[in-house]
Amino acid sequence: MRYQFIDIAKGIGILLVVWFHTSGITSLTTIDGIMWGGIVTVFYMPLFFMLSGIFFKPSGILNRIKRLMIPYFSFMILASLLFVVKGLIVHKSVGWNEIFAPFLGATKGYPNTPCWFLLSLAQISLIYAMVNGIIKQRWQRVLCAFLLSLGAYVWGIYVPDVKYYVDVSFLCLVFMALGYEYREYLLKKITTVIGVCFLSLSVIIFYLHPFDTNVSQNEIPMGYVEFMILAIMLSLGIVGISKCIEKSIVGRWLAYWGENSLIVLCTHMMIMPVFSLFSHHISNEWIGNLTGTIAVLAVEGPVIYIIKRYMPYLIGKK
């Protein structure tokens, strides 16, 4: 069964991902030394892990991993080919180390880094399927997920650049666990009022102690406790407000992006050069950034259509 408010929540998340990957976003999201953009980066990937947990089935783990790894390799190879073509035409050379880096375990410095989410989600799915098979009590499984997550946070502090995002996968295990174990609560009990309360309280907590966050690198300067509180509350808040706009035009528009969030996640960095064509010719930084972002999304429209209509195998579909 497809829930439109879940697609809306995913749509909000993927639009934020695209926006926060645009050039100049750091300066735009820093005002008087306060990195207000950190309140976005602290939750937009945990949100996707939590929503993935709602539809997680431990018994179908092999099929789930297959459905994640097919688009991972498909879009990583496609991005590498584009990287080679661009290198040969523009730079007259190719950085081969960057192409092979992700397959050797690198977690940054290679084409199409957003695909890390698929690799990490496959790892998380396998880990939690094992936890689910060993531990029978729900509260014990959730506690185990929190303990493994805390251990991964400490691991990331003392061992930088862990290969293949393994520490990040353990760190984010708890979000998928909450989505899976409390799916009925997320689907039926989180109301718009609760969502607004969570979002409002999160803003207050964040501005008392603002920090930038990079979940994919296990960089959590605010500390584990504050990170978990904010990531969980903000994710629940997004789910709550998504329910109140289901029947609106905005809701349907966001649901479209959420339904196609996998394609957008895996292709927007390849389309991002379009951003420069528009943003760099506008003097106002805000207008330039938003114009460039809209241009990227405009290109994503036909890309989504072409992939779903003619190349569905790229996203693991027949």
# chains A, B, ... in the order shown; residues from 1 in each chain; ligands from 1
>>> select_by_dssp(residues="region 114-313 of chain A", states="helix (DSSP H, G or I)", output="PyMOL selection string")
chain A and resi 114-134+138-158+163-181+183-189+192-208+215-217+224-243+249-259+261-271+273-279+285-310+312-313
>>> residues_around(residues="region 282-295 of chain A", least_positions_apart="3", cutoff="9 Å", atoms="only C-alpha atoms", output="PyMOL selection string")
chain A and resi 18-19+22-25+28+272+274-279+298-300
>>> closest_atom_pairs(of="region 260-313 of chain A", to="region 40-62 of chain A", cutoff="12 Å", atoms="only C-alpha atoms", output="JSON lines")
{"residue": "A:Ser261", "atom": "CA", "partner": "A:Phe48", "partner_atom": "CA", "distance": 9.9}
{"residue": "A:Leu262", "atom": "CA", "partner": "A:Phe48", "partner_atom": "CA", "distance": 10.5}
{"residue": "A:Leu265", "atom": "CA", "partner": "A:Met45", "partner_atom": "CA", "distance": 11.1}
>>> closest_residue(among="A:Arg252, A:Lys188, A:Arg309, A:His268", to="Val239 (chain A)", atoms="only C-alpha atoms")
A:Lys188
>>> closest_atom_pairs(of="region 212-262 of chain A", to="region 160-182 of chain A", cutoff="8 Å", atoms="only C-alpha atoms", output="Markdown table")
| residue | atom | partner | partner_atom | distance |
| --- | --- | --- | --- | --- |
| A:Val215 | CA | A:Val168 | CA | 7.1 |
| A:Ser216 | CA | A:Val168 | CA | 6.3 |
| A:Gln217 | CA | A:Val168 | CA | 7.0 |
| A:Asn218 | CA | A:Val168 | CA | 5.7 |
| A:Ile232 | CA | A:Phe175 | CA | 7.5 |
>>> closest_residue(among="A:Ile134, A:Ala122, A:Leu15, A:Met269", to="Tyr110 (chain A)", atoms="only C-alpha atoms")
A:Met269
>>> closest_residue(among="A:Met130, A:Leu201, A:Val264, A:Leu234", to="Ile39 (chain A)", atoms="only C-alpha atoms")
A:Leu234
>>> residues_around(residues="Leu236 (chain A)", least_positions_apart="5", cutoff="10 Å", atoms="only C-alpha atoms", output="mmCIF file with all heavy atoms, in the first residue's frame")
data_model
loop_
_atom_site.group_PDB
_atom_site.id
_atom_site.type_symbol
_atom_site.label_atom_id
_atom_site.label_comp_id
_atom_site.auth_asym_id
_atom_site.auth_seq_id
_atom_site.Cartn_x
_atom_site.Cartn_y
_atom_site.Cartn_z
ATOM 1 N N ALA A 9 6.645 13.354 2.624
ATOM 2 C CA ALA A 9 7.798 13.478 3.527
ATOM 3 C C ALA A 9 9.097 13.194 2.783
ATOM 4 O O ALA A 9 10.098 13.904 2.945
ATOM 5 C CB ALA A 9 7.637 12.522 4.710
ATOM 6 N N PHE A 43 18.905 15.929 9.856
ATOM 7 C CA PHE A 43 17.775 14.995 9.795
ATOM 8 C C PHE A 43 17.438 14.458 8.408
ATOM 9 O O PHE A 43 16.737 13.441 8.312
ATOM 10 C CB PHE A 43 16.519 15.662 10.368
ATOM 11 C CG PHE A 43 15.773 16.536 9.393
ATOM 12 C CD1 PHE A 43 14.801 16.007 8.563
ATOM 13 C CD2 PHE A 43 16.043 17.891 9.306
ATOM 14 C CE1 PHE A 43 14.117 16.818 7.659
ATOM 15 C CE2 PHE A 43 15.368 18.706 8.417
ATOM 16 C CZ PHE A 43 14.399 18.161 7.580
ATOM 17 N N LEU A 47 15.775 10.820 8.158
ATOM 18 C CA LEU A 47 14.372 10.742 7.748
ATOM 19 C C LEU A 47 14.169 9.614 6.745
ATOM 20 O O LEU A 47 13.227 8.810 6.869
ATOM 21 C CB LEU A 47 13.944 12.080 7.136
ATOM 22 C CG LEU A 47 12.584 12.097 6.423
ATOM 23 C CD1 LEU A 47 11.451 11.879 7.422
ATOM 24 C CD2 LEU A 47 12.384 13.414 5.669
ATOM 25 N N MET A 50 14.437 6.222 8.417
ATOM 26 C CA MET A 50 13.247 5.933 9.222
ATOM 27 C C MET A 50 12.077 5.526 8.336
ATOM 28 O O MET A 50 11.361 4.550 8.636
ATOM 29 C CB MET A 50 12.866 7.150 10.068
ATOM 30 C CG MET A 50 11.704 6.889 11.020
ATOM 31 S SD MET A 50 11.290 8.335 12.034
ATOM 32 C CE MET A 50 12.731 8.400 13.118
ATOM 33 N N LEU A 51 11.868 6.250 7.247
ATOM 34 C CA LEU A 51 10.771 5.916 6.340
ATOM 35 C C LEU A 51 11.003 4.570 5.669
ATOM 36 O O LEU A 51 10.049 3.821 5.410
ATOM 37 C CB LEU A 51 10.619 7.013 5.284
ATOM 38 C CG LEU A 51 10.223 8.399 5.813
ATOM 39 C CD1 LEU A 51 10.132 9.401 4.667
ATOM 40 C CD2 LEU A 51 8.908 8.346 6.570
ATOM 41 N N LEU A 186 3.846 5.663 13.497
ATOM 42 C CA LEU A 186 4.191 6.643 12.478
ATOM 43 C C LEU A 186 3.053 6.831 11.479
ATOM 44 O O LEU A 186 2.767 7.950 11.045
ATOM 45 C CB LEU A 186 5.450 6.202 11.728
ATOM 46 C CG LEU A 186 6.769 6.352 12.479
ATOM 47 C CD1 LEU A 186 7.879 5.598 11.754
ATOM 48 C CD2 LEU A 186 7.148 7.814 12.579
ATOM 49 N N ILE A 190 0.994 9.872 14.551
ATOM 50 C CA ILE A 190 1.656 11.171 14.390
ATOM 51 C C ILE A 190 0.714 12.121 13.653
ATOM 52 O O ILE A 190 0.409 11.915 12.479
ATOM 53 C CB ILE A 190 2.981 11.042 13.614
ATOM 54 C CG1 ILE A 190 3.985 10.244 14.420
ATOM 55 C CG2 ILE A 190 3.563 12.410 13.280
ATOM 56 C CD1 ILE A 190 4.492 10.960 15.646
ATOM 57 N N THR A 191 0.224 13.131 14.351
ATOM 58 C CA THR A 191 -0.693 14.094 13.755
ATOM 59 C C THR A 191 0.061 15.366 13.372
ATOM 60 O O THR A 191 1.231 15.544 13.730
ATOM 61 C CB THR A 191 -1.811 14.446 14.735
ATOM 62 O OG1 THR A 191 -1.235 15.092 15.893
ATOM 63 C CG2 THR A 191 -2.562 13.192 15.185
ATOM 64 N N THR A 192 -0.643 16.254 12.689
ATOM 65 C CA THR A 192 -0.036 17.526 12.301
ATOM 66 C C THR A 192 0.348 18.336 13.529
ATOM 67 O O THR A 192 1.419 18.964 13.569
ATOM 68 C CB THR A 192 -1.012 18.338 11.432
ATOM 69 O OG1 THR A 192 -1.323 17.581 10.253
ATOM 70 C CG2 THR A 192 -0.390 19.661 11.021
ATOM 71 N N ILE A 194 1.163 17.234 16.528
ATOM 72 C CA ILE A 194 2.368 16.629 17.104
ATOM 73 C C ILE A 194 3.584 16.996 16.263
ATOM 74 O O ILE A 194 4.651 17.323 16.790
ATOM 75 C CB ILE A 194 2.215 15.100 17.194
ATOM 76 C CG1 ILE A 194 1.137 14.737 18.224
ATOM 77 C CG2 ILE A 194 3.539 14.445 17.572
ATOM 78 C CD1 ILE A 194 0.838 13.252 18.291
ATOM 79 N N GLY A 195 3.421 16.966 14.939
ATOM 80 C CA GLY A 195 4.521 17.314 14.050
ATOM 81 C C GLY A 195 5.001 18.738 14.246
ATOM 82 O O GLY A 195 6.215 18.995 14.312
ATOM 83 N N VAL A 196 4.078 19.668 14.339
ATOM 84 C CA VAL A 196 4.434 21.078 14.549
ATOM 85 C C VAL A 196 5.128 21.253 15.886
ATOM 86 O O VAL A 196 6.109 22.009 16.001
ATOM 87 C CB VAL A 196 3.185 21.971 14.464
ATOM 88 C CG1 VAL A 196 3.508 23.398 14.899
ATOM 89 C CG2 VAL A 196 2.623 21.976 13.044
ATOM 90 N N CYS A 197 4.662 20.557 16.908
ATOM 91 C CA CYS A 197 5.294 20.642 18.242
ATOM 92 C C CYS A 197 6.728 20.122 18.191
ATOM 93 O O CYS A 197 7.641 20.735 18.761
ATOM 94 C CB CYS A 197 4.471 19.851 19.260
ATOM 95 S SG CYS A 197 2.882 20.589 19.668
ATOM 96 N N PHE A 198 6.937 18.997 17.526
ATOM 97 C CA PHE A 198 8.280 18.435 17.400
ATOM 98 C C PHE A 198 9.204 19.393 16.649
ATOM 99 O O PHE A 198 10.355 19.613 17.048
ATOM 100 C CB PHE A 198 8.237 17.092 16.675
ATOM 101 C CG PHE A 198 7.902 15.924 17.565
ATOM 102 C CD1 PHE A 198 7.098 14.890 17.110
ATOM 103 C CD2 PHE A 198 8.414 15.845 18.845
ATOM 104 C CE1 PHE A 198 6.793 13.804 17.925
ATOM 105 C CE2 PHE A 198 8.114 14.774 19.680
ATOM 106 C CZ PHE A 198 7.298 13.749 19.215
ATOM 107 N N LEU A 199 8.709 19.958 15.560
ATOM 108 C CA LEU A 199 9.532 20.878 14.766
ATOM 109 C C LEU A 199 9.877 22.125 15.568
ATOM 110 O O LEU A 199 11.032 22.592 15.552
ATOM 111 C CB LEU A 199 8.798 21.263 13.479
ATOM 112 C CG LEU A 199 8.650 20.164 12.423
ATOM 113 C CD1 LEU A 199 7.809 20.664 11.254
ATOM 114 C CD2 LEU A 199 10.002 19.689 11.930
ATOM 115 N N LEU A 230 17.351 15.490 18.008
ATOM 116 C CA LEU A 230 16.954 16.353 16.900
ATOM 117 C C LEU A 230 16.573 15.539 15.657
ATOM 118 O O LEU A 230 15.555 15.826 15.014
ATOM 119 C CB LEU A 230 18.086 17.320 16.556
ATOM 120 C CG LEU A 230 18.310 18.469 17.535
ATOM 121 C CD1 LEU A 230 19.542 19.277 17.141
ATOM 122 C CD2 LEU A 230 17.089 19.381 17.586
ATOM 123 N N ALA A 231 17.374 14.546 15.313
ATOM 124 C CA ALA A 231 17.103 13.764 14.104
ATOM 125 C C ALA A 231 15.764 13.045 14.194
ATOM 126 O O ALA A 231 14.992 13.008 13.230
ATOM 127 C CB ALA A 231 18.232 12.767 13.863
ATOM 128 N N ILE A 241 3.654 17.108 9.506
ATOM 129 C CA ILE A 241 3.172 18.189 8.638
ATOM 130 C C ILE A 241 2.835 17.681 7.243
ATOM 131 O O ILE A 241 2.049 18.305 6.521
ATOM 132 C CB ILE A 241 4.192 19.350 8.553
ATOM 133 C CG1 ILE A 241 5.493 18.896 7.873
ATOM 134 C CG2 ILE A 241 4.465 19.930 9.925
ATOM 135 C CD1 ILE A 241 6.434 20.038 7.571
ATOM 136 N N SER A 242 3.420 16.542 6.855
ATOM 137 C CA SER A 242 3.102 15.978 5.543
ATOM 138 C C SER A 242 1.645 15.528 5.482
ATOM 139 O O SER A 242 1.023 15.544 4.411
ATOM 140 C CB SER A 242 4.019 14.787 5.235
ATOM 141 O OG SER A 242 5.371 15.208 5.141
#
>>> residues_around(residues="Gly301 (chain A)", least_positions_apart="3", cutoff="12 Å", atoms="only C-alpha atoms", output="list in words")
Trp253, Tyr256, Trp257, Asn260, Ser261, Ile263, Val264, Thr267, His268, Ile271, Ile294, Ala295, Val296, Leu297, Ala298, Ile304, Tyr305, Ile306, Ile307 and Lys308 of chain A
>>> closest_residue(among="A:Lys92, A:Gly38, A:Tyr158, A:Arg2", to="Ser202 (chain A)", atoms="only C-alpha atoms")
A:Gly38
>>> residues_around(residues="Leu254 (chain A)", least_positions_apart="5", cutoff="9 Å", atoms="only C-alpha atoms", output="PyMOL selection string")
chain A and resi 7-12+15+249+259
